[in-house]
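Trainee: Mind having a look at this structure? Questions to follow.
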Amino acid sequence: MGAISVDLAVNGLITGLFYALMAIGLSLIFGILRIVNFAHGEFYMVGAYAYTLIALGLGVPVWVALPLAFLFGALVGWITERTLMRPLYAGYTSWGLMRDEYAVIVTFGLSLFLINLVDKVIGPYAYRGPPLVDASRIVLGPVLISGHRLLAAGIAIAVILITAALIKWSFWGKQIRAVSQNRLGASLAGIDTARASSIVFMLSGGLAAFSGALLSPVINASPDVGAFPAIKSYIIVVLGGMGSVPGSIVASLALGIIESFGAVYLSYQYRDGFGLILLMLFLLFRPQGLFGEKGREV
Amino acid sequence: MSASETPLHSGGADKRSVASTSTGKSAVEFRAAIAFLIVIALIPAVVRNDYWLGVLIVSMYFAILTGAWNLLAGYTGQFSLAPATFAMIGAYATGLLCTAFGVPPLLGIVAAILIAGLTGLILGRIVLRLTGPYLALTTLSFAEIMRLVASNSIDITRGDLGLAVPGLLSSRIGWYYIFVGVLAFLLVALYALLRSKAGLFLQAIRDDEVAAARSGVDVVFWKTAAFALSAAASGFAGALYAHFAELVTPELGLIGQTGLIVSMAVIGGMGTLAGPLIAAFLVYVLSEWLRDVGGYQLVVFSALVVIFARFFREGLWGLARGAMQRWRRS
Amino acid sequence: MSLLSVRGIVKRYGGLTAVDGASFDIDAGELVGLIGPNGSGKTTLLNILSGLAEPDGGEILLDGAPCHGLKPEQLAHRGVMRMFQLTRVFRRMNVIDNLLVAGRALGLDGAEALNRADTLIEELRLDAVRALDAGQLSGGQMKLLEFGVCFMVPPRIALLDEPFAAVHPTMKEIMGGFIRSRHEQGQTFILVSHDMPVIVELCPRAVCMNAGKVIIDAPTRTVLSNADVIEAYLGGQAA
Ligand SMILES: Nc1ncnc2c1ncn2[C@@H]1O[C@H](COP(=O)(O)OP(=O)(O)O)[C@@H](O)[C@H]1O
Ligand SMILES: [Mg+2]
């Protein structure tokens, strides 16, 4: 493998880490409610702004602003769940919109709302978030990488591992997995399914906001900054098998690498199109994702 | 419409069933929609300002797109997130035919309808088995891919710079009535479709595909047909718009445009004839007006979408109908 | 030649064999009760007969011609109409439109479909709710409506899956009477039910399944006094 390939692979993997941080929350929400949250990108956007404005506007140290961005995203996630997601548990079949349509419309509408609200209140201009460290480019053998990006990648790994561990071993993590597997069964077993959904939305909002904050020095905060990571998350959630957290982590890294090499060897202009094509192909021919077993036919 | 529908019109002859079929319900909506269109057609008698006529023309563009999406999403239950894409396809189809091959605009528009309809048919066939979030994601990807293609094929489309398209006529009033005519034609066509057995079948598919198949409905055929017709009508709107604006850009296919279309349908009332039509004008005209007073229009409308979806699922039309019924009872 | 021949149908879900070589024949004009404990494969068999599931083995003949692999709508056009155990109606369409869908799809013209719908609504006593959306009906009314859909165009064979479950006695009465009178006119049925008194009253012949197999196929009284049948029911859920 030549030096260029190593550089592409490392940078692709790092991009993939950021994708994973972003996509885990979307996957968790799909797991527990069987919906795609089309406002997921706006959770990211909220985090990017929270971090940037708190750090720059209030002069708070970046290491404080970063967890605050997480909390801010969690708050938005919590409000979203409490105000808009509750009808989903009721099935929504009696009249008017059906369940799936409701979920698409209401999250799509929320996405437009948050984008336009920020656009009016804060303004359409991009704000550059302060980097975590000032070190400029670091050269590691054949790999050229900025200090911030390297540090952010390390943090992303840590947060992903913590999240995965929480979901696997913590009390609420187990509850969430139980509800995701069988909502009715879990509720019969005495699990508070509404609380589990709330927690998922908080975690999802927090993680997306955290990635927004982490990347804000690279991709500046602007009202529609979430559109791009949101689309990546959709792709990843489909590739990883809708609702599977380990699947989405692997899919994120794979997508990062595919894009990194694809941009050089296939087409730079269409680097954002590869994933979209994969998404369509997967939904059509392998809806269970990369590793999932073929689900029962409905 | 086939002669077999006539018993539905036969007034008091069979009072048991006339008003209670959905075709009976949509007759009221159709009358309301036509009355509204007549008002729209009369507006130039009062408003001669080019700017506001332009706003109304764009409203009509969106009214067509909203109606087309309503056929697919509101009546057939296929939640596509690509309605703006078909407008973009229609616009580029006629634009490229006219500029690159010197095709006359009228022929270009006809070709655009066919090309958009065929693309819709193919997409409809491809996504046949997908529902809910899977369908939404697939159509969203399709939309993004198409937009990427349009903005990256710089040699052909001139990318984000946009393609200059020959105009059709220079009179604003002329354009105004072209749009009124097309909108009226499509409204009548939609109404005729919904009153025929197709209307029954599409709504049956929306409510329960398995039950529709059990009842003998050819689900594959009708679902694909809904995709194709919706796409063709959207392509028609896009092609007209291309010659009106004399410019085509990939922005026509932005997901935000789809957002506007969805907003209009949801606020008006999905699965109703008059609601989305009226809401298209309401939303677009109000947003142009609000732009002058603070520019909060998009915030307001996106909030309304969420609020309507959450609390008033039948939209403005449903609210109006409810109010009418309460008023009649008292 | 019998109207419907079920020959060695097998259906597996993973390791579980839901239908395990079921065979029986049904002649035109018969009204056959299909009974068996929960999970014995009755619904799965009806799914296969109505084109909603592919059998893993065996064949089905309709009027002597193989008909598996046909789609549900194709089977509907050949006169196989099916009522679901979990009620399926068009919830956002009103009662009359629910009926019209089947009428128009199966080739009636508008006026004829409307006439038949009106007659059925009267026969099934749904007059009071004719203009309501199906989603607003009670569970029993929905069952009646779905029942009506099966008879918009008299089918060659009606497959009814637990039509009486959780239905008010009055409505049960209506459906029972309807089945009896249509049977007298020569309509063919398979009737799945847990309601033994109704099966005894309506069906001259019964087929009993257990663990995917047909354990007995005989006149209803014989079936109900059969030791294996009693054992199947009393023995609880078959493994
Ligand atoms: N789609 C399916 N996937 C997996 N197992 C199924 C499916 N449908 C039915 N089964 C299983 O097949 C067996 C037969 O079920 P069913 O036909 O519904 O029985 P019945 O209608 O006689 O109560 C049951 O054990 C059931 O759990
Ligand atoms: Mg059953």
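To be explicit about the labels: the chains of the structure tokens are called A, B, and onward in the order shown, and within each one the residues are counted from 1, while ligands get numbers from 1 in the order they are shown.
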Enumerate as a list in words the residues belonging to chain C that approach chain A to within 8 Å, with only C-alpha atoms taken into account.
Mentor: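 Using only C-alpha atoms, chain C residues at most 8 Å from chain A: Arg91, Arg92, Gly135 and Gln136 of chain C.
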Trainee: Could you save the residues just selected, with all heavy atoms, as a compact mmCIF listing (two decimals), in the first residue's frame?
Mentor:
# COMPACT_ATOMS: atom_id res chain seq x y z
N ARG C 91 -59.43 1.98 6.64
CA ARG C 91 -59.88 2.73 7.81
C ARG C 91 -60.26 4.16 7.50
O ARG C 91 -61.05 4.76 8.21
CB ARG C 91 -58.81 2.70 8.89
CG ARG C 91 -58.40 1.30 9.28
CD ARG C 91 -57.33 1.34 10.33
NE ARG C 91 -57.90 1.66 11.62
CZ ARG C 91 -58.17 0.76 12.56
NH1 ARG C 91 -57.93 -0.50 12.34
NH2 ARG C 91 -58.67 1.14 13.71
N ARG C 92 -59.66 4.74 6.49
CA ARG C 92 -59.98 6.14 6.18
C ARG C 92 -60.98 6.26 5.04
O ARG C 92 -61.15 7.31 4.46
CB ARG C 92 -58.70 6.92 5.88
CG ARG C 92 -57.94 7.26 7.17
CD ARG C 92 -56.73 8.09 6.87
NE ARG C 92 -55.64 7.26 6.39
CZ ARG C 92 -54.48 7.76 5.96
NH1 ARG C 92 -54.29 9.05 5.92
NH2 ARG C 92 -53.53 6.95 5.57
N GLY C 135 -62.62 3.23 10.10
CA GLY C 135 -61.82 3.33 11.31
C GLY C 135 -62.63 3.71 12.53
O GLY C 135 -62.19 3.53 13.66
N GLN C 136 -63.81 4.26 12.31
CA GLN C 136 -64.64 4.68 13.44
C GLN C 136 -65.61 3.61 13.90
O GLN C 136 -66.36 3.83 14.85
CB GLN C 136 -65.43 5.95 13.06
CG GLN C 136 -64.54 7.15 12.80
CD GLN C 136 -65.31 8.29 12.16
OE1 GLN C 136 -65.70 8.24 11.01
NE2 GLN C 136 -65.57 9.33 12.95
Trainee: Taking the chain letters and numbering used in this document, name the residues of range 84-198 of chain A that DSSP puts in helix (DSSP H, G or I), as an mmCIF file with N, CA, C and O atoms, in the first residue's frame.
Mentor:
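Contents of selection-v2.cif, freshly written:
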data_model
loop_
_atom_site.group_PDB
_atom_site.id
_atom_site.type_symbol
_atom_site.label_atom_id
_atom_site.label_comp_id
_atom_site.auth_asym_id
_atom_site.auth_seq_id
_atom_site.Cartn_x
_atom_site.Cartn_y
_atom_site.Cartn_z
ATOM 1 N N LEU A 84 -43.583 15.752 20.540
ATOM 2 C CA LEU A 84 -43.986 15.299 19.208
ATOM 3 C C LEU A 84 -44.054 13.790 19.029
ATOM 4 O O LEU A 84 -44.718 13.304 18.120
ATOM 5 N N MET A 85 -43.370 13.032 19.869
ATOM 6 C CA MET A 85 -43.277 11.598 19.584
ATOM 7 C C MET A 85 -44.351 10.772 20.273
ATOM 8 O O MET A 85 -44.590 9.631 19.913
ATOM 9 N N ARG A 86 -44.999 11.348 21.267
ATOM 10 C CA ARG A 86 -45.949 10.549 22.033
ATOM 11 C C ARG A 86 -47.073 9.927 21.194
ATOM 12 O O ARG A 86 -47.485 8.805 21.462
ATOM 13 N N PRO A 87 -47.606 10.640 20.189
ATOM 14 C CA PRO A 87 -48.681 10.002 19.410
ATOM 15 C C PRO A 87 -48.248 8.706 18.731
ATOM 16 O O PRO A 87 -49.078 7.871 18.413
ATOM 17 N N LEU A 88 -46.933 8.538 18.549
ATOM 18 C CA LEU A 88 -46.476 7.330 17.866
ATOM 19 C C LEU A 88 -46.793 6.082 18.669
ATOM 20 O O LEU A 88 -47.021 5.012 18.122
ATOM 21 N N TYR A 89 -46.806 6.205 20.001
ATOM 22 C CA TYR A 89 -47.076 5.017 20.805
ATOM 23 C C TYR A 89 -48.529 4.595 20.661
ATOM 24 O O TYR A 89 -48.880 3.452 20.887
ATOM 25 N N ARG A 99 -49.235 6.427 11.151
ATOM 26 C CA ARG A 99 -48.052 6.508 11.995
ATOM 27 C C ARG A 99 -46.775 6.909 11.235
ATOM 28 O O ARG A 99 -46.114 7.875 11.592
ATOM 29 N N ASP A 100 -46.464 6.179 10.187
ATOM 30 C CA ASP A 100 -45.227 6.443 9.456
ATOM 31 C C ASP A 100 -45.228 7.834 8.847
ATOM 32 O O ASP A 100 -44.229 8.541 8.860
ATOM 33 N N GLU A 101 -46.379 8.199 8.291
ATOM 34 C CA GLU A 101 -46.471 9.508 7.648
ATOM 35 C C GLU A 101 -46.304 10.604 8.691
ATOM 36 O O GLU A 101 -45.626 11.605 8.461
ATOM 37 N N TYR A 102 -46.943 10.396 9.834
ATOM 38 C CA TYR A 102 -46.826 11.372 10.906
ATOM 39 C C TYR A 102 -45.367 11.582 11.270
ATOM 40 O O TYR A 102 -44.896 12.713 11.378
ATOM 41 N N ALA A 103 -44.641 10.484 11.426
ATOM 42 C CA ALA A 103 -43.248 10.585 11.843
ATOM 43 C C ALA A 103 -42.423 11.336 10.800
ATOM 44 O O ALA A 103 -41.613 12.201 11.143
ATOM 45 N N VAL A 104 -42.641 11.028 9.531
ATOM 46 C CA VAL A 104 -41.880 11.714 8.487
ATOM 47 C C VAL A 104 -42.200 13.202 8.500
ATOM 48 O O VAL A 104 -41.309 14.050 8.542
ATOM 49 N N ILE A 105 -43.480 13.539 8.505
ATOM 50 C CA ILE A 105 -43.872 14.942 8.413
ATOM 51 C C ILE A 105 -43.409 15.740 9.616
ATOM 52 O O ILE A 105 -42.858 16.827 9.496
ATOM 53 N N VAL A 106 -43.629 15.179 10.792
ATOM 54 C CA VAL A 106 -43.389 15.981 11.974
ATOM 55 C C VAL A 106 -41.886 16.203 12.170
ATOM 56 O O VAL A 106 -41.454 17.290 12.559
ATOM 57 N N THR A 107 -41.063 15.209 11.843
ATOM 58 C CA THR A 107 -39.625 15.430 12.004
ATOM 59 C C THR A 107 -39.076 16.288 10.857
ATOM 60 O O THR A 107 -38.215 17.133 11.069
ATOM 61 N N PHE A 108 -39.628 16.118 9.678
ATOM 62 C CA PHE A 108 -39.250 16.944 8.533
ATOM 63 C C PHE A 108 -39.611 18.405 8.824
ATOM 64 O O PHE A 108 -38.822 19.320 8.598
ATOM 65 N N GLY A 109 -40.811 18.619 9.360
ATOM 66 C CA GLY A 109 -41.256 19.968 9.714
ATOM 67 C C GLY A 109 -40.377 20.559 10.803
ATOM 68 O O GLY A 109 -40.002 21.737 10.751
ATOM 69 N N LEU A 110 -40.034 19.757 11.782
ATOM 70 C CA LEU A 110 -39.172 20.229 12.868
ATOM 71 C C LEU A 110 -37.818 20.651 12.318
ATOM 72 O O LEU A 110 -37.246 21.670 12.732
ATOM 73 N N SER A 111 -37.310 19.877 11.362
ATOM 74 C CA SER A 111 -36.038 20.207 10.750
ATOM 75 C C SER A 111 -36.097 21.585 10.083
ATOM 76 O O SER A 111 -35.255 22.457 10.333
ATOM 77 N N LEU A 112 -37.138 21.798 9.278
ATOM 78 C CA LEU A 112 -37.295 23.102 8.617
ATOM 79 C C LEU A 112 -37.420 24.211 9.653
ATOM 80 O O LEU A 112 -36.853 25.299 9.517
ATOM 81 N N PHE A 113 -38.177 23.920 10.705
ATOM 82 C CA PHE A 113 -38.420 24.924 11.739
ATOM 83 C C PHE A 113 -37.113 25.345 12.410
ATOM 84 O O PHE A 113 -36.816 26.537 12.541
ATOM 85 N N LEU A 114 -36.328 24.374 12.818
ATOM 86 C CA LEU A 114 -35.086 24.711 13.528
ATOM 87 C C LEU A 114 -34.113 25.460 12.612
ATOM 88 O O LEU A 114 -33.481 26.433 13.027
ATOM 89 N N ILE A 115 -34.026 25.012 11.362
ATOM 90 C CA ILE A 115 -33.134 25.699 10.421
ATOM 91 C C ILE A 115 -33.539 27.168 10.282
ATOM 92 O O ILE A 115 -32.723 28.079 10.401
ATOM 93 N N ASN A 116 -34.844 27.383 10.057
ATOM 94 C CA ASN A 116 -35.296 28.747 9.807
ATOM 95 C C ASN A 116 -35.270 29.609 11.063
ATOM 96 O O ASN A 116 -35.019 30.815 10.995
ATOM 97 N N LEU A 117 -35.523 28.977 12.197
ATOM 98 C CA LEU A 117 -35.479 29.721 13.444
ATOM 99 C C LEU A 117 -34.061 30.240 13.695
ATOM 100 O O LEU A 117 -33.852 31.424 13.978
ATOM 101 N N VAL A 118 -33.093 29.361 13.554
ATOM 102 C CA VAL A 118 -31.702 29.764 13.774
ATOM 103 C C VAL A 118 -31.296 30.805 12.733
ATOM 104 O O VAL A 118 -30.612 31.786 13.037
ATOM 105 N N ASP A 119 -31.762 30.603 11.523
ATOM 106 C CA ASP A 119 -31.454 31.539 10.451
ATOM 107 C C ASP A 119 -31.942 32.945 10.799
ATOM 108 O O ASP A 119 -31.276 33.936 10.539
ATOM 109 N N LYS A 120 -33.115 33.029 11.410
ATOM 110 C CA LYS A 120 -33.653 34.346 11.765
ATOM 111 C C LYS A 120 -33.050 34.894 13.043
ATOM 112 O O LYS A 120 -32.771 36.081 13.146
ATOM 113 N N VAL A 121 -32.897 34.042 14.042
ATOM 114 C CA VAL A 121 -32.477 34.526 15.350
ATOM 115 C C VAL A 121 -30.978 34.785 15.386
ATOM 116 O O VAL A 121 -30.517 35.815 15.869
ATOM 117 N N GLY A 147 -3.984 19.075 14.185
ATOM 118 C CA GLY A 147 -3.987 18.709 15.594
ATOM 119 C C GLY A 147 -5.395 18.580 16.132
ATOM 120 O O GLY A 147 -5.727 17.636 16.855
ATOM 121 N N HIS A 148 -6.260 19.518 15.752
ATOM 122 C CA HIS A 148 -7.627 19.459 16.237
ATOM 123 C C HIS A 148 -8.314 18.178 15.799
ATOM 124 O O HIS A 148 -8.979 17.507 16.571
ATOM 125 N N ARG A 149 -8.102 17.841 14.530
ATOM 126 C CA ARG A 149 -8.766 16.678 13.975
ATOM 127 C C ARG A 149 -8.323 15.401 14.689
ATOM 128 O O ARG A 149 -9.140 14.531 14.991
ATOM 129 N N LEU A 150 -7.029 15.346 14.989
ATOM 130 C CA LEU A 150 -6.505 14.169 15.672
ATOM 131 C C LEU A 150 -7.106 14.051 17.069
ATOM 132 O O LEU A 150 -7.580 12.991 17.486
ATOM 133 N N LEU A 151 -7.120 15.165 17.783
ATOM 134 C CA LEU A 151 -7.663 15.164 19.132
ATOM 135 C C LEU A 151 -9.153 14.828 19.109
ATOM 136 O O LEU A 151 -9.655 14.018 19.898
ATOM 137 N N ALA A 152 -9.859 15.449 18.174
ATOM 138 C CA ALA A 152 -11.301 15.211 18.063
ATOM 139 C C ALA A 152 -11.571 13.735 17.775
ATOM 140 O O ALA A 152 -12.510 13.149 18.320
ATOM 141 N N ALA A 153 -10.709 13.136 16.948
ATOM 142 C CA ALA A 153 -10.886 11.719 16.642
ATOM 143 C C ALA A 153 -10.740 10.886 17.907
ATOM 144 O O ALA A 153 -11.512 9.957 18.154
ATOM 145 N N GLY A 154 -9.739 11.248 18.725
ATOM 146 C CA GLY A 154 -9.558 10.533 19.984
ATOM 147 C C GLY A 154 -10.788 10.657 20.873
ATOM 148 O O GLY A 154 -11.258 9.662 21.445
ATOM 149 N N ILE A 155 -11.307 11.861 20.978
ATOM 150 C CA ILE A 155 -12.499 12.071 21.800
ATOM 151 C C ILE A 155 -13.678 11.269 21.239
ATOM 152 O O ILE A 155 -14.434 10.638 21.974
ATOM 153 N N ALA A 156 -13.797 11.291 19.910
ATOM 154 C CA ALA A 156 -14.897 10.546 19.281
ATOM 155 C C ALA A 156 -14.810 9.072 19.647
ATOM 156 O O ALA A 156 -15.817 8.454 20.023
ATOM 157 N N ILE A 157 -13.601 8.503 19.577
ATOM 158 C CA ILE A 157 -13.451 7.090 19.933
ATOM 159 C C ILE A 157 -13.918 6.867 21.365
ATOM 160 O O ILE A 157 -14.692 5.956 21.661
ATOM 161 N N ALA A 158 -13.462 7.740 22.275
ATOM 162 C CA ALA A 158 -13.826 7.580 23.680
ATOM 163 C C ALA A 158 -15.336 7.641 23.854
ATOM 164 O O ALA A 158 -15.943 6.786 24.521
ATOM 165 N N VAL A 159 -15.974 8.638 23.237
ATOM 166 C CA VAL A 159 -17.430 8.797 23.422
ATOM 167 C C VAL A 159 -18.188 7.616 22.817
ATOM 168 O O VAL A 159 -19.157 7.118 23.404
ATOM 169 N N ILE A 160 -17.726 7.154 21.666
ATOM 170 C CA ILE A 160 -18.398 6.004 21.044
ATOM 171 C C ILE A 160 -18.295 4.785 21.948
ATOM 172 O O ILE A 160 -19.280 4.075 22.173
ATOM 173 N N LEU A 161 -17.103 4.567 22.497
ATOM 174 C CA LEU A 161 -16.921 3.393 23.372
ATOM 175 C C LEU A 161 -17.795 3.517 24.621
ATOM 176 O O LEU A 161 -18.448 2.559 25.043
ATOM 177 N N ILE A 162 -17.809 4.704 25.204
ATOM 178 C CA ILE A 162 -18.632 4.895 26.409
ATOM 179 C C ILE A 162 -20.104 4.630 26.084
ATOM 180 O O ILE A 162 -20.806 3.919 26.821
ATOM 181 N N THR A 163 -20.559 5.205 24.953
ATOM 182 C CA THR A 163 -21.965 5.012 24.577
ATOM 183 C C THR A 163 -22.276 3.534 24.378
ATOM 184 O O THR A 163 -23.278 3.019 24.892
ATOM 185 N N ALA A 164 -21.394 2.864 23.643
ATOM 186 C CA ALA A 164 -21.634 1.441 23.386
ATOM 187 C C ALA A 164 -21.674 0.664 24.694
ATOM 188 O O ALA A 164 -22.528 -0.208 24.895
ATOM 189 N N ALA A 165 -20.769 1.016 25.623
ATOM 190 C CA ALA A 165 -20.737 0.315 26.903
ATOM 191 C C ALA A 165 -22.016 0.584 27.689
ATOM 192 O O ALA A 165 -22.600 -0.337 28.281
ATOM 193 N N LEU A 166 -22.453 1.834 27.676
ATOM 194 C CA LEU A 166 -23.684 2.174 28.396
ATOM 195 C C LEU A 166 -24.864 1.376 27.857
ATOM 196 O O LEU A 166 -25.691 0.853 28.614
ATOM 197 N N ILE A 167 -24.938 1.310 26.537
ATOM 198 C CA ILE A 167 -26.076 0.595 25.948
ATOM 199 C C ILE A 167 -26.003 -0.887 26.269
ATOM 200 O O ILE A 167 -27.001 -1.543 26.508
ATOM 201 N N LYS A 168 -24.773 -1.398 26.320
ATOM 202 C CA LYS A 168 -24.643 -2.826 26.564
ATOM 203 C C LYS A 168 -24.849 -3.190 28.033
ATOM 204 O O LYS A 168 -25.532 -4.152 28.348
ATOM 205 N N TRP A 169 -24.301 -2.376 28.940
ATOM 206 C CA TRP A 169 -24.263 -2.852 30.323
ATOM 207 C C TRP A 169 -25.089 -2.046 31.327
ATOM 208 O O TRP A 169 -25.405 -2.558 32.385
ATOM 209 N N PHE A 171 -28.152 -0.079 33.291
ATOM 210 C CA PHE A 171 -29.550 -0.418 33.542
ATOM 211 C C PHE A 171 -30.442 0.096 32.405
ATOM 212 O O PHE A 171 -31.178 -0.669 31.779
ATOM 213 N N TRP A 172 -30.324 1.403 32.105
ATOM 214 C CA TRP A 172 -31.192 1.958 31.061
ATOM 215 C C TRP A 172 -30.835 1.432 29.679
ATOM 216 O O TRP A 172 -31.699 1.292 28.823
ATOM 217 N N GLY A 173 -29.552 1.134 29.494
ATOM 218 C CA GLY A 173 -29.145 0.553 28.219
ATOM 219 C C GLY A 173 -29.875 -0.753 27.972
ATOM 220 O O GLY A 173 -30.377 -1.014 26.869
ATOM 221 N N LYS A 174 -29.959 -1.574 29.012
ATOM 222 C CA LYS A 174 -30.657 -2.858 28.864
ATOM 223 C C LYS A 174 -32.148 -2.640 28.620
ATOM 224 O O LYS A 174 -32.757 -3.333 27.805
ATOM 225 N N GLN A 175 -32.713 -1.665 29.342
ATOM 226 C CA GLN A 175 -34.135 -1.369 29.137
ATOM 227 C C GLN A 175 -34.385 -0.964 27.680
ATOM 228 O O GLN A 175 -35.339 -1.408 27.044
ATOM 229 N N ILE A 176 -33.483 -0.089 27.187
ATOM 230 C CA ILE A 176 -33.648 0.409 25.818
ATOM 231 C C ILE A 176 -33.583 -0.742 24.822
ATOM 232 O O ILE A 176 -34.389 -0.834 23.894
ATOM 233 N N ARG A 177 -32.639 -1.647 25.059
ATOM 234 C CA ARG A 177 -32.541 -2.765 24.114
ATOM 235 C C ARG A 177 -33.775 -3.656 24.186
ATOM 236 O O ARG A 177 -34.249 -4.171 23.180
ATOM 237 N N ALA A 178 -34.288 -3.801 25.396
ATOM 238 C CA ALA A 178 -35.495 -4.618 25.536
ATOM 239 C C ALA A 178 -36.659 -3.988 24.779
ATOM 240 O O ALA A 178 -37.375 -4.666 24.028
ATOM 241 N N VAL A 179 -36.828 -2.677 24.920
ATOM 242 C CA VAL A 179 -37.940 -2.010 24.238
ATOM 243 C C VAL A 179 -37.747 -2.085 22.730
ATOM 244 O O VAL A 179 -38.700 -2.268 21.967
ATOM 245 N N SER A 180 -36.483 -1.948 22.280
ATOM 246 C CA SER A 180 -36.228 -1.994 20.848
ATOM 247 C C SER A 180 -36.586 -3.351 20.268
ATOM 248 O O SER A 180 -37.068 -3.454 19.144
ATOM 249 N N GLN A 181 -36.336 -4.410 21.057
ATOM 250 C CA GLN A 181 -36.635 -5.741 20.522
ATOM 251 C C GLN A 181 -38.126 -6.008 20.486
ATOM 252 O O GLN A 181 -38.643 -6.602 19.546
ATOM 253 N N ARG A 183 -41.478 -3.873 22.000
ATOM 254 C CA ARG A 183 -42.053 -2.817 22.824
ATOM 255 C C ARG A 183 -43.170 -3.349 23.717
ATOM 256 O O ARG A 183 -43.217 -3.066 24.908
ATOM 257 N N LEU A 184 -44.045 -4.152 23.122
ATOM 258 C CA LEU A 184 -45.175 -4.651 23.900
ATOM 259 C C LEU A 184 -44.696 -5.550 25.033
ATOM 260 O O LEU A 184 -45.085 -5.384 26.191
ATOM 261 N N GLY A 185 -43.811 -6.478 24.669
ATOM 262 C CA GLY A 185 -43.294 -7.398 25.673
ATOM 263 C C GLY A 185 -42.609 -6.641 26.797
ATOM 264 O O GLY A 185 -42.806 -6.932 27.985
ATOM 265 N N ALA A 186 -41.803 -5.627 26.430
ATOM 266 C CA ALA A 186 -41.083 -4.866 27.437
ATOM 267 C C ALA A 186 -42.057 -4.151 28.369
ATOM 268 O O ALA A 186 -41.864 -4.116 29.579
ATOM 269 N N SER A 187 -43.123 -3.597 27.788
ATOM 270 C CA SER A 187 -44.046 -2.873 28.648
ATOM 271 C C SER A 187 -44.800 -3.847 29.556
ATOM 272 O O SER A 187 -45.093 -3.544 30.705
ATOM 273 N N LEU A 188 -45.077 -5.045 29.062
ATOM 274 C CA LEU A 188 -45.718 -6.046 29.907
ATOM 275 C C LEU A 188 -44.790 -6.456 31.044
ATOM 276 O O LEU A 188 -45.225 -6.773 32.144
ATOM 277 N N THR A 193 -41.676 2.217 28.906
ATOM 278 C CA THR A 193 -41.223 2.388 27.521
ATOM 279 C C THR A 193 -41.144 3.858 27.131
ATOM 280 O O THR A 193 -40.294 4.244 26.341
ATOM 281 N N ALA A 194 -42.028 4.671 27.709
ATOM 282 C CA ALA A 194 -41.985 6.098 27.380
ATOM 283 C C ALA A 194 -40.691 6.707 27.907
ATOM 284 O O ALA A 194 -40.019 7.480 27.216
ATOM 285 N N ARG A 195 -40.312 6.327 29.121
ATOM 286 C CA ARG A 195 -39.073 6.832 29.684
ATOM 287 C C ARG A 195 -37.884 6.366 28.830
ATOM 288 O O ARG A 195 -36.975 7.148 28.549
ATOM 289 N N ALA A 196 -37.914 5.127 28.406
ATOM 290 C CA ALA A 196 -36.821 4.617 27.581
ATOM 291 C C ALA A 196 -36.707 5.441 26.298
ATOM 292 O O ALA A 196 -35.605 5.790 25.866
ATOM 293 N N SER A 197 -37.852 5.781 25.699
ATOM 294 C CA SER A 197 -37.810 6.585 24.475
ATOM 295 C C SER A 197 -37.250 7.969 24.756
ATOM 296 O O SER A 197 -36.482 8.520 23.959
ATOM 297 N N SER A 198 -37.643 8.552 25.876
ATOM 298 C CA SER A 198 -37.118 9.864 26.247
ATOM 299 C C SER A 198 -35.602 9.816 26.345
ATOM 300 O O SER A 198 -34.895 10.691 25.829
#
Trainee: Once you count only C-alpha atoms, which residues of chain B turn out to be within 8 Å of chain A? Could you give them as a PyMOL selection string?
Mentor: chain B and resi 79+126-127+130+132-134+136-138+141-142+144-145+148+152+256+259+262-263+295-296+298-303+305-306+309-310+313-314
Trainee: Within 12 Å of ligand 1 (counting only C-alpha atoms and all ligand atoms), which residues show up? I'd like them as an MDAnalysis selection string.
Mentor: (chainID A and resid 295:298) or (chainID C and resid 10:20 34:49 52:54 84:86 160:162 191:194 208:214 233 237:239)
Trainee: Which polymer residues have any atom within 7 Å of an atom of range 98-104 of chain C, counting only C-alpha atoms, with same-chain residues fewer than 4 positions away left out, as number ranges by chain?
Mentor: B: 197, 200-201, 215-216; C: 90, 93-94, 108-110, 113-114, 117, 149, 152-153
Trainee: Could you pull the residues within 7 Å of Ser5 in chain C, counting only C-alpha atoms, minus those fewer than 6 positions along the same chain, as a list of chain:residue names?
Mentor: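 Close residues of Ser5 in chain C: C:Phe24, C:Asp25, C:Ile26, C:Ile60, C:Leu61, C:Leu62.
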